[in-house]
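Text of the file structure.cif, holding mmCIF, C-alpha atoms:
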data_work
loop_
_atom_site.label_atom_id
_atom_site.label_comp_id
_atom_site.auth_asym_id
_atom_site.auth_seq_id
_atom_site.Cartn_x
_atom_site.Cartn_y
_atom_site.Cartn_z
CA MET A 1 3.73 25.95 2.67
CA GLN A 2 7.33 26.97 1.96
CA ASN A 3 9.29 24.03 3.26
CA VAL A 4 8.82 20.36 3.97
CA THR A 5 11.18 18.17 5.91
CA VAL A 6 11.25 14.44 5.31
CA VAL A 7 12.77 12.43 8.16
CA GLY A 8 14.14 9.16 6.85
CA ALA A 9 15.85 8.49 3.51
CA GLY A 10 14.75 4.94 2.88
CA LEU A 11 12.21 4.09 0.22
CA ALA A 12 9.30 5.95 1.86
CA GLY A 13 11.36 9.07 2.48
CA THR A 14 12.87 9.25 -0.99
CA ARG A 15 9.51 8.55 -2.63
CA ALA A 16 7.97 11.31 -0.52
CA ALA A 17 10.61 13.77 -1.72
CA GLU A 18 9.96 12.80 -5.34
CA ALA A 19 6.19 13.01 -4.89
CA LEU A 20 6.43 16.54 -3.49
CA ARG A 21 8.05 17.78 -6.69
CA ARG A 22 5.80 15.71 -8.91
CA GLU A 23 2.79 17.31 -7.28
CA GLY A 24 4.19 20.76 -7.96
CA PHE A 25 5.62 21.73 -4.58
CA THR A 26 8.26 24.41 -5.26
CA GLY A 27 9.50 25.12 -1.72
CA THR A 28 12.49 23.72 0.09
CA ILE A 29 12.65 19.95 0.61
CA THR A 30 15.02 18.72 3.28
CA LEU A 31 15.61 14.97 3.32
CA LEU A 32 17.30 13.62 6.43
CA GLY A 33 18.93 10.19 6.43
CA GLU A 34 20.47 8.63 9.50
CA GLU A 35 22.71 6.34 7.46
CA VAL A 36 25.71 7.84 5.69
CA HIS A 37 24.95 5.94 2.48
CA THR A 38 23.14 7.49 -0.44
CA PRO A 39 19.63 6.02 -0.55
CA TYR A 40 19.47 2.36 -1.50
CA ASP A 41 16.90 -0.35 -1.90
CA ARG A 42 16.60 -2.87 0.93
CA PRO A 43 14.92 -5.96 -0.60
CA PRO A 44 18.06 -7.13 -2.45
CA LEU A 45 20.11 -7.04 0.77
CA SER A 46 18.95 -10.50 1.82
CA LYS A 47 18.93 -11.84 -1.73
CA GLN A 48 21.02 -10.66 -4.69
CA PHE A 49 23.35 -8.40 -2.69
CA LEU A 50 24.03 -11.03 -0.01
CA ALA A 51 24.53 -13.64 -2.72
CA GLY A 52 27.04 -11.36 -4.45
CA THR A 53 25.18 -11.24 -7.77
CA TRP A 54 24.24 -7.54 -7.44
CA ASP A 55 26.73 -4.92 -6.25
CA ARG A 56 26.22 -1.69 -4.29
CA ASN A 57 25.69 0.36 -7.42
CA ARG A 58 22.88 -1.86 -8.59
CA ILE A 59 20.85 -1.43 -5.40
CA SER A 60 20.97 2.37 -5.40
CA LEU A 61 17.56 4.02 -5.44
CA ARG A 62 16.84 6.10 -8.49
CA LEU A 63 16.77 9.56 -6.86
CA GLU A 64 17.57 12.72 -8.84
CA VAL A 65 18.86 14.81 -5.94
CA GLU A 66 19.96 17.80 -8.05
CA GLU A 67 17.17 17.71 -10.57
CA LEU A 68 14.63 17.68 -7.73
CA GLY A 69 16.57 20.34 -5.82
CA LEU A 70 16.72 18.35 -2.61
CA ASP A 71 18.62 19.40 0.48
CA LEU A 72 19.81 15.86 1.21
CA ARG A 73 21.51 15.51 4.57
CA LEU A 74 22.98 12.10 5.21
CA GLY A 75 24.37 10.83 8.49
CA ARG A 76 21.95 13.09 10.38
CA ARG A 77 19.48 11.90 12.94
CA ALA A 78 16.36 13.61 14.25
CA GLU A 79 16.48 13.44 18.05
CA ARG A 80 13.28 15.23 18.93
CA LEU A 81 10.16 16.80 17.44
CA ASP A 82 8.97 20.09 18.90
CA LEU A 83 5.45 20.51 17.55
CA PRO A 84 4.45 23.80 19.24
CA ASP A 85 7.55 25.53 17.76
CA ARG A 86 7.42 23.45 14.54
CA LYS A 87 11.05 22.43 14.63
CA LEU A 88 13.19 19.32 14.71
CA VAL A 89 16.16 18.93 17.00
CA LEU A 90 18.93 17.02 15.25
CA ASP A 91 21.89 15.12 16.65
CA GLY A 92 24.38 17.64 17.93
CA GLY A 93 21.58 20.02 18.92
CA GLU A 94 21.00 21.77 15.59
CA GLU A 95 17.42 22.98 15.22
CA LEU A 96 15.60 22.67 11.95
CA PRO A 97 12.32 24.56 11.52
CA PHE A 98 9.68 23.07 9.25
CA GLU A 99 6.19 23.79 7.99
CA GLY A 100 5.32 20.37 6.63
CA LEU A 101 6.73 17.16 8.03
CA VAL A 102 6.89 13.65 6.59
CA ILE A 103 7.84 10.99 9.14
CA ALA A 104 9.49 8.04 7.41
CA THR A 105 11.88 6.71 10.05
CA GLY A 106 11.09 3.07 9.36
CA ALA A 107 11.83 0.30 11.78
CA ARG A 108 14.81 -1.54 13.18
CA PRO A 109 15.40 -5.22 13.92
CA ARG A 110 14.54 -6.59 17.31
CA THR A 111 17.52 -8.11 19.09
CA PHE A 112 18.12 -10.17 22.20
CA PRO A 113 18.83 -8.20 25.35
CA GLY A 114 22.37 -7.81 26.62
CA THR A 115 25.74 -7.78 24.90
CA GLN A 116 25.90 -10.05 21.88
CA PRO A 117 28.92 -12.27 21.26
CA GLN A 118 30.73 -11.83 17.95
CA GLY A 119 29.16 -13.62 15.04
CA VAL A 120 25.60 -12.52 15.78
CA PHE A 121 24.01 -10.47 13.01
CA VAL A 122 20.79 -8.75 12.06
CA LEU A 123 19.93 -7.73 8.51
CA ARG A 124 18.31 -4.39 7.84
CA THR A 125 20.91 -1.94 6.57
CA LEU A 126 23.62 -1.97 3.94
CA ASP A 127 26.24 -2.11 6.70
CA ASP A 128 24.47 -5.15 8.17
CA ALA A 129 24.49 -6.86 4.78
CA VAL A 130 28.16 -6.10 4.10
CA ALA A 131 29.11 -7.54 7.50
CA LEU A 132 27.02 -10.69 7.09
CA LYS A 133 28.23 -11.23 3.54
CA ALA A 134 31.84 -11.11 4.74
CA ALA A 135 31.07 -13.58 7.53
CA LEU A 136 29.51 -16.06 5.10
CA GLU A 137 32.68 -16.22 3.02
CA ALA A 138 34.30 -18.61 5.51
CA LYS A 139 31.41 -21.07 4.92
CA PRO A 140 30.37 -21.06 8.59
CA ARG A 141 27.59 -23.10 10.16
CA VAL A 142 24.71 -20.62 10.17
CA VAL A 143 21.71 -20.61 12.47
CA VAL A 144 18.89 -18.28 11.51
CA ILE A 145 16.65 -17.38 14.45
CA GLY A 146 13.13 -16.69 13.20
CA GLY A 147 11.37 -18.35 10.28
CA GLY A 148 9.84 -15.15 8.90
CA PHE A 149 10.54 -13.63 5.52
CA ILE A 150 13.96 -12.19 6.31
CA GLY A 151 15.10 -15.42 7.96
CA SER A 152 13.74 -17.54 5.12
CA GLU A 153 15.46 -15.40 2.49
CA VAL A 154 18.77 -15.45 4.35
CA ALA A 155 18.53 -19.24 4.63
CA ALA A 156 17.83 -19.53 0.90
CA THR A 157 20.80 -17.30 0.07
CA CYS A 158 23.02 -19.35 2.39
CA LYS A 159 22.10 -22.50 0.46
CA ALA A 160 22.87 -20.73 -2.83
CA LEU A 161 26.31 -19.96 -1.37
CA ASP A 162 26.70 -23.59 -0.30
CA VAL A 163 26.61 -22.63 3.38
CA ASP A 164 25.00 -25.00 5.90
CA VAL A 165 22.02 -23.39 7.56
CA THR A 166 19.46 -24.23 10.24
CA ILE A 167 16.31 -22.22 10.91
CA VAL A 168 15.15 -22.03 14.52
CA GLU A 169 11.52 -20.99 14.93
CA ALA A 170 9.59 -20.84 18.20
CA LEU A 171 6.25 -21.63 16.55
CA HIS A 172 5.63 -25.06 15.06
CA LEU A 173 5.72 -23.74 11.46
CA PRO A 174 7.53 -20.94 9.65
CA LEU A 175 5.44 -17.86 8.78
CA LEU A 176 2.56 -19.31 10.79
CA ARG A 177 1.25 -15.98 12.11
CA VAL A 178 1.53 -14.27 8.74
CA LEU A 179 0.28 -16.96 6.37
CA GLY A 180 -1.56 -19.54 8.49
CA PRO A 181 -0.91 -23.29 8.96
CA GLU A 182 -1.59 -24.45 5.38
CA LEU A 183 0.94 -22.08 3.83
CA GLY A 184 3.31 -22.47 6.78
CA GLU A 185 3.49 -26.20 6.05
CA ILE A 186 4.27 -25.51 2.38
CA CYS A 187 7.00 -23.03 3.32
CA ALA A 188 8.52 -25.59 5.69
CA ASP A 189 8.52 -28.12 2.86
CA LEU A 190 10.24 -25.62 0.57
CA HIS A 191 13.10 -25.21 3.06
CA ARG A 192 13.45 -28.94 3.67
CA ARG A 193 13.55 -29.75 -0.03
CA HIS A 194 16.53 -27.42 -0.33
CA GLY A 195 18.39 -29.07 2.52
CA VAL A 196 17.74 -26.50 5.24
CA GLU A 197 17.29 -28.01 8.68
CA LEU A 198 14.26 -26.70 10.56
CA ARG A 199 14.10 -26.68 14.36
CA LEU A 200 10.50 -25.80 15.04
CA GLY A 201 8.42 -25.36 18.17
CA HIS A 202 11.11 -24.28 20.61
CA GLY A 203 12.17 -20.73 21.33
CA VAL A 204 15.68 -19.51 22.02
CA ALA A 205 16.80 -19.73 25.64
CA ASP A 206 20.25 -18.24 25.16
CA LEU A 207 23.10 -17.60 22.79
CA VAL A 208 26.03 -19.85 23.71
CA GLY A 209 29.60 -18.50 23.61
CA GLU A 210 31.59 -15.87 25.49
CA LYS A 211 33.54 -13.84 22.98
CA ARG A 212 32.35 -15.57 19.81
CA VAL A 213 29.02 -17.26 19.35
CA GLU A 214 29.24 -21.06 19.49
CA GLY A 215 25.60 -22.07 19.34
CA VAL A 216 21.99 -21.36 20.10
CA GLU A 217 20.42 -22.96 23.16
CA LEU A 218 16.74 -23.76 22.74
CA THR A 219 14.08 -23.80 25.44
CA ASP A 220 14.11 -27.62 25.44
CA GLY A 221 17.79 -27.52 26.48
CA THR A 222 19.29 -28.62 23.17
CA VAL A 223 22.09 -26.57 21.65
CA VAL A 224 22.33 -26.00 17.90
CA PRO A 225 26.00 -25.36 17.07
CA ALA A 226 26.68 -22.17 15.10
CA ASP A 227 29.56 -20.04 13.89
CA VAL A 228 27.20 -17.34 12.63
CA VAL A 229 23.76 -16.47 13.99
CA VAL A 230 21.31 -14.28 12.09
CA VAL A 231 18.52 -12.85 14.23
CA GLY A 232 15.31 -12.26 12.29
CA ILE A 233 12.65 -11.91 14.96
CA GLY A 234 10.79 -8.90 13.65
CA VAL A 235 11.20 -5.15 13.82
CA THR A 236 10.28 -2.25 16.06
CA PRO A 237 9.08 1.02 14.51
CA ASN A 238 11.46 3.92 15.12
CA THR A 239 9.27 6.21 17.19
CA GLU A 240 11.35 6.80 20.34
CA TRP A 241 12.33 10.27 19.11
CA LEU A 242 8.62 11.16 19.02
CA GLU A 243 7.74 10.09 22.57
CA GLY A 244 5.95 12.85 24.42
CA CYS A 245 5.85 15.22 21.43
CA GLY A 246 2.05 15.19 21.25
CA LEU A 247 1.61 12.74 18.40
CA ASP A 248 -0.33 9.55 19.01
CA ILE A 249 2.26 6.76 19.12
CA ASN A 250 1.11 3.16 19.45
CA ASN A 251 3.29 0.56 17.73
CA GLY A 252 3.96 3.17 15.07
CA VAL A 253 2.79 6.70 14.37
CA VAL A 254 -1.02 6.62 14.46
CA LEU A 255 -2.52 8.25 11.38
CA ASP A 256 -6.04 9.01 10.27
CA ARG A 257 -7.43 7.34 7.16
CA THR A 258 -5.70 9.89 4.91
CA CYS A 259 -2.20 9.31 6.43
CA ALA A 260 -2.27 12.57 8.40
CA ALA A 261 -0.86 12.20 11.93
CA GLU A 262 -3.35 12.29 14.78
CA GLY A 263 -2.62 15.14 17.16
CA ALA A 264 -0.99 17.63 14.78
CA ASP A 265 -1.56 19.53 11.55
CA GLY A 266 0.84 19.41 8.62
CA VAL A 267 2.39 16.13 9.73
CA VAL A 268 2.09 12.88 7.77
CA ALA A 269 3.88 9.54 7.93
CA ALA A 270 4.56 6.64 5.58
CA GLY A 271 6.20 3.24 5.46
CA ASP A 272 7.11 0.80 8.23
CA VAL A 273 6.62 3.45 10.92
CA ALA A 274 3.04 4.32 9.96
CA ARG A 275 -0.18 2.83 11.35
CA TRP A 276 -3.50 3.68 9.79
CA TYR A 277 -6.99 2.32 9.21
CA ASN A 278 -7.43 0.74 5.79
CA THR A 279 -11.14 0.98 4.99
CA LEU A 280 -10.92 -1.57 2.15
CA PHE A 281 -10.05 -4.29 4.67
CA ALA A 282 -11.75 -2.63 7.66
CA ARG A 283 -8.70 -2.95 9.86
CA GLU A 284 -5.74 -1.06 11.26
CA MET A 285 -2.51 -1.79 9.47
CA ARG A 286 1.18 -1.17 9.83
CA VAL A 287 2.78 -2.68 6.76
CA GLU A 288 6.48 -3.52 6.57
CA HIS A 289 6.70 -4.11 2.84
CA TRP A 290 8.33 -2.27 -0.07
CA THR A 291 5.22 -1.51 -2.09
CA ASN A 292 3.40 0.04 0.84
CA ALA A 293 6.32 2.32 1.62
CA SER A 294 6.22 3.58 -1.95
CA GLU A 295 2.44 3.97 -2.27
CA GLN A 296 1.92 5.40 1.18
CA ALA A 297 4.63 8.00 0.66
CA ASP A 298 2.85 9.19 -2.49
CA HIS A 299 -0.46 9.31 -0.66
CA ALA A 300 0.90 11.00 2.47
CA VAL A 301 2.43 13.77 0.36
CA ASP A 302 -0.86 14.28 -1.41
CA THR A 303 -2.57 14.61 1.97
CA LEU A 304 0.11 16.99 3.22
CA LEU A 305 -0.28 19.31 0.24
CA LYS A 306 -4.10 19.21 0.10
CA GLY A 307 -4.69 19.40 3.83
CA ARG A 308 -6.46 16.79 5.92
CA GLU A 309 -9.98 18.06 5.18
CA HIS A 310 -9.54 17.72 1.39
CA ALA A 311 -7.49 14.55 1.46
CA GLU A 312 -8.56 11.11 0.30
CA GLU A 313 -8.54 7.86 2.24
CA PHE A 314 -5.54 5.59 1.76
CA ALA A 315 -7.06 2.17 1.11
CA PRO A 316 -4.54 0.14 -0.90
CA ILE A 317 -4.36 -3.57 -1.56
CA PRO A 318 -1.12 -4.62 0.14
CA TYR A 319 1.42 -6.49 -1.95
CA PHE A 320 4.71 -8.15 -1.18
CA TRP A 321 7.08 -10.62 -2.70
CA SER A 322 9.78 -12.87 -1.31
CA ASP A 323 12.25 -14.75 -3.45
CA GLN A 324 13.38 -18.00 -1.81
CA TYR A 325 15.53 -20.53 -3.67
CA ASP A 326 14.06 -20.59 -7.18
CA THR A 327 10.55 -19.86 -5.90
CA LYS A 328 8.89 -16.49 -6.27
CA ILE A 329 6.42 -16.02 -3.42
CA GLN A 330 4.01 -13.12 -3.88
CA MET A 331 0.96 -11.98 -2.03
CA VAL A 332 -1.79 -9.49 -2.73
CA GLY A 333 -4.31 -8.47 -0.10
CA VAL A 334 -4.27 -9.88 3.42
CA PRO A 335 -4.47 -13.37 4.91
CA GLY A 336 -7.85 -14.66 6.09
CA ASP A 337 -9.04 -17.54 8.24
CA GLN A 338 -10.09 -19.63 5.24
CA VAL A 339 -7.82 -20.74 2.42
CA VAL A 340 -8.29 -22.71 -0.80
CA ILE A 341 -5.81 -23.73 -3.48
CA ALA A 342 -7.20 -22.04 -6.57
CA ASP A 343 -4.63 -22.80 -9.29
CA GLY A 344 -1.65 -24.98 -9.97
CA SER A 345 0.12 -27.66 -7.97
CA VAL A 346 1.24 -27.38 -4.36
CA ASP A 347 3.56 -30.35 -4.78
CA GLN A 348 5.41 -28.61 -7.59
CA HIS A 349 5.47 -25.37 -5.58
CA LYS A 350 3.64 -23.60 -8.40
CA PHE A 351 0.19 -22.56 -7.24
CA VAL A 352 -2.10 -19.77 -6.10
CA ALA A 353 -3.94 -20.02 -2.77
CA VAL A 354 -6.79 -17.64 -2.02
CA TYR A 355 -7.73 -16.38 1.44
CA GLY A 356 -11.28 -15.68 2.59
CA HIS A 357 -12.70 -13.85 5.57
CA GLU A 358 -16.38 -13.60 6.43
CA GLY A 359 -17.39 -14.84 2.99
CA ARG A 360 -15.22 -12.36 1.07
CA THR A 361 -12.02 -12.85 -0.93
CA VAL A 362 -9.40 -10.84 0.97
CA GLY A 363 -6.07 -12.10 -0.29
CA ALA A 364 -4.13 -14.42 -2.56
CA ILE A 365 -0.65 -15.87 -2.36
CA GLY A 366 1.20 -17.30 -5.30
CA PHE A 367 4.24 -19.53 -5.61
CA SER A 368 5.96 -18.86 -8.95
CA LEU A 369 2.72 -17.99 -10.76
CA PRO A 370 2.89 -14.18 -10.96
CA ARG A 371 0.51 -13.92 -13.91
CA LYS A 372 -2.22 -15.97 -12.25
CA LEU A 373 -1.74 -14.27 -8.91
CA MET A 374 -2.15 -10.77 -10.29
CA GLN A 375 -5.51 -11.73 -11.73
CA TYR A 376 -6.85 -12.06 -8.18
CA ARG A 377 -6.03 -8.46 -7.40
CA GLN A 378 -9.23 -7.26 -9.00
CA LEU A 379 -11.34 -9.83 -7.12
CA ILE A 380 -9.86 -8.60 -3.85
CA ALA A 381 -10.57 -4.99 -4.82
CA GLU A 382 -14.18 -5.95 -5.54
CA ARG A 383 -14.45 -7.91 -2.27
CA ALA A 384 -15.68 -10.84 -4.36
CA PRO A 385 -17.48 -13.74 -2.64
CA PHE A 386 -15.24 -16.48 -1.24
CA PRO A 387 -14.29 -18.91 -2.65
CA PRO A 388 -14.00 -16.98 -5.91
CA GLU A 389 -14.64 -18.29 -9.40
CA PRO A 390 -11.30 -19.40 -10.88
CA ALA A 391 -9.55 -16.52 -12.64
CA GLY A 392 -8.88 -16.91 -16.37
CA MET B 1 5.34 8.37 -24.51
CA ARG B 2 7.51 5.29 -24.80
CA VAL B 3 7.78 2.41 -22.33
CA VAL B 4 11.28 1.04 -21.87
CA VAL B 5 11.91 -2.07 -19.79
CA ASP B 6 15.39 -3.00 -18.63
CA PHE B 7 15.12 -6.77 -18.91
CA ASP B 8 18.34 -7.24 -16.94
CA LYS B 9 16.53 -5.74 -13.95
CA CYS B 10 13.06 -7.20 -14.53
CA VAL B 11 12.30 -10.17 -12.30
CA SER B 12 8.74 -10.69 -13.58
CA ASN B 13 6.93 -9.83 -10.36
CA ALA B 14 4.00 -8.71 -12.53
CA VAL B 15 3.20 -5.68 -10.39
CA CYS B 16 3.03 -3.63 -13.60
CA MET B 17 0.60 -6.13 -15.04
CA GLY B 18 -1.63 -5.77 -11.99
CA LEU B 19 -1.78 -2.02 -12.58
CA VAL B 20 -1.82 -1.72 -16.39
CA PRO B 21 -2.75 -5.04 -18.02
CA GLU B 22 -3.27 -3.14 -21.30
CA VAL B 23 0.49 -2.52 -21.49
CA PHE B 24 2.25 -5.18 -19.43
CA GLU B 25 1.78 -8.93 -19.51
CA VAL B 26 3.77 -11.60 -17.71
CA ARG B 27 3.11 -14.81 -19.59
CA ASP B 28 3.24 -18.36 -18.35
CA ASP B 29 6.80 -18.64 -19.64
CA GLY B 30 7.69 -16.27 -16.78
CA PHE B 31 8.74 -13.36 -18.99
CA LEU B 32 7.32 -9.86 -19.21
CA TYR B 33 5.95 -8.73 -22.56
CA VAL B 34 5.26 -5.08 -23.32
CA LEU B 35 2.03 -5.14 -25.30
CA GLN B 36 2.15 -1.48 -26.31
CA GLU B 37 5.56 0.19 -26.40
CA GLU B 38 3.92 3.52 -27.20
CA PRO B 39 0.70 3.44 -25.20
CA PRO B 40 -1.98 6.09 -25.72
CA GLU B 41 -1.82 9.29 -23.68
CA GLU B 42 -4.84 8.35 -21.55
CA LEU B 43 -2.77 5.55 -19.99
CA ARG B 44 0.05 7.91 -18.94
CA GLU B 45 -0.93 8.13 -15.29
CA LYS B 46 -1.34 4.37 -14.96
CA VAL B 47 1.98 3.67 -16.70
CA GLN B 48 3.69 6.23 -14.46
CA ALA B 49 2.22 4.39 -11.47
CA ALA B 50 3.65 1.14 -12.83
CA GLU B 51 7.05 2.81 -13.26
CA ARG B 52 7.05 3.80 -9.58
CA ALA B 53 5.58 0.48 -8.42
CA CYS B 54 8.16 -1.72 -10.14
CA PRO B 55 10.13 -3.32 -7.30
CA THR B 56 13.32 -3.45 -9.36
CA GLN B 57 13.02 -0.05 -11.07
CA ALA B 58 13.07 -1.82 -14.40
CA ILE B 59 10.50 0.43 -16.11
CA THR B 60 11.29 3.84 -17.54
CA LEU B 61 8.88 6.13 -19.31
CA GLU B 62 10.43 8.28 -22.05
CA ASP B 63 8.68 11.21 -23.65
#
Have the structure of the file written as structure tokens, please.
Amino acid sequence: MQNVTVVGAGLAGTRAAEALRREGFTGTITLLGEEVHTPYDRPPLSKQFLAGTWDRNRISLRLEVEELGLDLRLGRRAERLDLPDRKLVLDGGEELPFEGLVIATGARPRTFPGTQPQGVFVLRTLDDAVALKAALEAKPRVVVIGGGFIGSEVAATCKALDVDVTIVEALHLPLLRVLGPELGEICADLHRRHGVELRLGHGVADLVGEKRVEGVELTDGTVVPADVVVVGIGVTPNTEWLEGCGLDINNGVVLDRTCAAEGADGVVAAGDVARWYNTLFAREMRVEHWTNASEQADHAVDTLLKGREHAEEFAPIPYFWSDQYDTKIQMVGVPGDQVVIADGSVDQHKFVAVYGHEGRTVGAIGFSLPRKLMQYRQLIAERAPFPPEPAG
Amino acid sequence: MRVVVDFDKCVSNAVCMGLVPEVFEVRDDGFLYVLQEEPPEELREKVQAAERACPTQAITLED
């Protein structure tokens, strides 16, 4: 293989480029990024960057473009993948031949249909964060639509900036689908204790306001007044450019257990766009977290260089963190249908809860107890019986 | 091999501790302690993994 093209210059894409060199690949590496910005790290966008405590320089990804000899092309978008001719068609029609391909195009925020009035934001990119940060300076009334991680973090940052904020969530608890009712209740309590108003159990009927947003109308007819609305209702993987190209696309690029794309040779994918079967948890996954983007990029490159038949299965223990207010929420593994509090105090928001599924320990979530939480990682790896013996 | 932690960047997520408990320890005071600043060569791969896995890029491995 003489050249590899990496599509996407977020964390997964930049890690893939680094991994290629680390594994001894000496050919050409082309790294395409749709955004004009040099690669940056996204997690701080809703936290330290939005709060103004970290600047642009501090969120740059450590990427040695010259040392690695990368052909980094920013502000370029892949429009189409031609698998039979092994080439990409870029915006403007330029064709880029490749031998190996890493798909790392990530995901983009879901939005409401139709034209949005001014004052409605999403948060995914640096440009999004700069715009929202500027809007918060006037101390507006903020409504966050969606009580997921991004919405919860934005709400927490708003409070740190002394901005009034309400979270609107269609389900009756925040993070209910991700963490279950027990943890959802605790997360709701965390918001309330910090003075965030929660409007739970009613979806959004409409955004009120012609030119500028004035409020959010809920399905029960009430209107929550707003000067700024932040929409955090999940993401869609960026796969439109791959439609009809011959790859298996189904809520992400479908990979085999080694991260090689189904339906083509010499094509791998990593990060938010990638769906694969994780044998450790016996389930299909598409993970939208930082650590997976990094680990999967490393693994996908290994698979690309070794070839599918010699490659290893990618079976990681997922991990994510979310900083909200002064609480550090972290999770290893996956949620299960059973949950027990294993350490600490829920009331003080310092505890570890452990998830079980079919008699096995499958996950653990910690609130501000990183040391204790990490001790459950090994139990999850071993598929220890549930509930587990308390960790030391 | 020398492990350098930028404590201005470290937010004590303990990912490094999950990977290499021989070298990294987040204690109950919430701070990260480097147990071995010059870990033995056989830990190199694991420490490199911790360097890449650190969510705030706070770990650097110097030769």
Name the residues in contact with Val208 in chain A at a cut-off of 12 Å, using all atoms listed in the file, excluding same-chain residues fewer than 3 positions from it; report them as a PDB file with C-alpha atoms, keeping the file's coordinate frame.
ATOM      1  CA  GLN A 116      25.900 -10.050  21.880  1.00  0.00           C
ATOM      2  CA  PRO A 117      28.920 -12.270  21.260  1.00  0.00           C
ATOM      3  CA  GLN A 118      30.730 -11.830  17.950  1.00  0.00           C
ATOM      4  CA  GLY A 119      29.160 -13.620  15.040  1.00  0.00           C
ATOM      5  CA  VAL A 120      25.600 -12.520  15.780  1.00  0.00           C
ATOM      6  CA  VAL A 204      15.680 -19.510  22.020  1.00  0.00           C
ATOM      7  CA  ALA A 205      16.800 -19.730  25.640  1.00  0.00           C
ATOM      8  CA  LYS A 211      33.540 -13.840  22.980  1.00  0.00           C
ATOM      9  CA  ARG A 212      32.350 -15.570  19.810  1.00  0.00           C
ATOM     10  CA  VAL A 213      29.020 -17.260  19.350  1.00  0.00           C
ATOM     11  CA  GLU A 214      29.240 -21.060  19.490  1.00  0.00           C
ATOM     12  CA  GLY A 215      25.600 -22.070  19.340  1.00  0.00           C
ATOM     13  CA  VAL A 216      21.990 -21.360  20.100  1.00  0.00           C
ATOM     14  CA  GLU A 217      20.420 -22.960  23.160  1.00  0.00           C
ATOM     15  CA  LEU A 218      16.740 -23.760  22.740  1.00  0.00           C
ATOM     16  CA  GLY A 221      17.790 -27.520  26.480  1.00  0.00           C
ATOM     17  CA  THR A 222      19.290 -28.620  23.170  1.00  0.00           C
ATOM     18  CA  VAL A 223      22.090 -26.570  21.650  1.00  0.00           C
ATOM     19  CA  VAL A 224      22.330 -26.000  17.900  1.00  0.00           C
ATOM     20  CA  PRO A 225      26.000 -25.360  17.070  1.00  0.00           C
ATOM     21  CA  ALA A 226      26.680 -22.170  15.100  1.00  0.00           C
ATOM     22  CA  ASP A 227      29.560 -20.040  13.890  1.00  0.00           C
ATOM     23  CA  VAL A 228      27.200 -17.340  12.630  1.00  0.00           C
ATOM     24  CA  VAL A 229      23.760 -16.470  13.990  1.00  0.00           C
TER      25      VAL A 229
END
Suppose a student applies the PyMOL selection byres ((chain A) within 7 of (chain B)) to this structure; what residues should they get, written as a PDB file with C-alpha atoms, in the coordinates of the input?
ATOM      1  CA  THR A 291       5.220  -1.510  -2.090  1.00  0.00           C
ATOM      2  CA  PRO A 370       2.890 -14.180 -10.960  1.00  0.00           C
ATOM      3  CA  ARG A 371       0.510 -13.920 -13.910  1.00  0.00           C
ATOM      4  CA  MET A 374      -2.150 -10.770 -10.290  1.00  0.00           C
ATOM      5  CA  ARG A 377      -6.030  -8.460  -7.400  1.00  0.00           C
TER       6      ARG A 377
END
Using the file's own x, y and z axes, what box holds all listed atoms of range 27-35 of chain B with 4 Å on each side, keeping edges along x, y and z, and what are its centre and edge lengths in Å to one decimal, as AutoDock Vina command-line options?
--center_x 5.4 --center_y -11.9 --center_z -21.0 --size_x 14.7 --size_y 21.6 --size_z 16.5
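Selection by the PyMOL selection byres ((chain A and resi 7) around 6) on the present file picks out Val6, Gly8, Leu32, Ile103 and Ala104 of chain A.
CA of Arg22 in chain A lies 22.1 Å from CA of Glu38 in chain B.
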Complete the atom set of range 30-38 of chain B to N, CA and C atoms and return it as a PDB file, in the coordinates of the input.
ATOM      1  N   GLY B  30       6.980 -16.994 -17.825  1.00  0.00           N
ATOM      2  CA  GLY B  30       7.690 -16.270 -16.780  1.00  0.00           C
ATOM      3  C   GLY B  30       8.334 -14.966 -17.245  1.00  0.00           C
ATOM      4  N   PHE B  31       8.124 -14.595 -18.494  1.00  0.00           N
ATOM      5  CA  PHE B  31       8.740 -13.360 -18.990  1.00  0.00           C
ATOM      6  C   PHE B  31       7.703 -12.250 -19.159  1.00  0.00           C
ATOM      7  N   LEU B  32       8.179 -11.022 -19.012  1.00  0.00           N
ATOM      8  CA  LEU B  32       7.320  -9.860 -19.210  1.00  0.00           C
ATOM      9  C   LEU B  32       7.306  -9.471 -20.691  1.00  0.00           C
ATOM     10  N   TYR B  33       6.109  -9.230 -21.199  1.00  0.00           N
ATOM     11  CA  TYR B  33       5.950  -8.730 -22.560  1.00  0.00           C
ATOM     12  C   TYR B  33       5.296  -7.356 -22.504  1.00  0.00           C
ATOM     13  N   VAL B  34       5.867  -6.412 -23.235  1.00  0.00           N
ATOM     14  CA  VAL B  34       5.260  -5.080 -23.320  1.00  0.00           C
ATOM     15  C   VAL B  34       4.320  -5.098 -24.519  1.00  0.00           C
ATOM     16  N   LEU B  35       3.030  -4.994 -24.242  1.00  0.00           N
ATOM     17  CA  LEU B  35       2.030  -5.140 -25.300  1.00  0.00           C
ATOM     18  C   LEU B  35       1.952  -3.891 -26.170  1.00  0.00           C
ATOM     19  N   GLN B  36       2.183  -2.737 -25.550  1.00  0.00           N
ATOM     20  CA  GLN B  36       2.150  -1.480 -26.310  1.00  0.00           C
ATOM     21  C   GLN B  36       3.380  -0.663 -25.892  1.00  0.00           C
ATOM     22  N   GLU B  37       4.360  -0.580 -26.755  1.00  0.00           N
ATOM     23  CA  GLU B  37       5.560   0.190 -26.400  1.00  0.00           C
ATOM     24  C   GLU B  37       5.284   1.680 -26.399  1.00  0.00           C
ATOM     25  N   GLU B  38       4.314   2.102 -27.200  1.00  0.00           N
ATOM     26  CA  GLU B  38       3.920   3.520 -27.200  1.00  0.00           C
ATOM     27  C   GLU B  38       2.437   3.614 -26.867  1.00  0.00           C
TER      28      GLU B  38
END
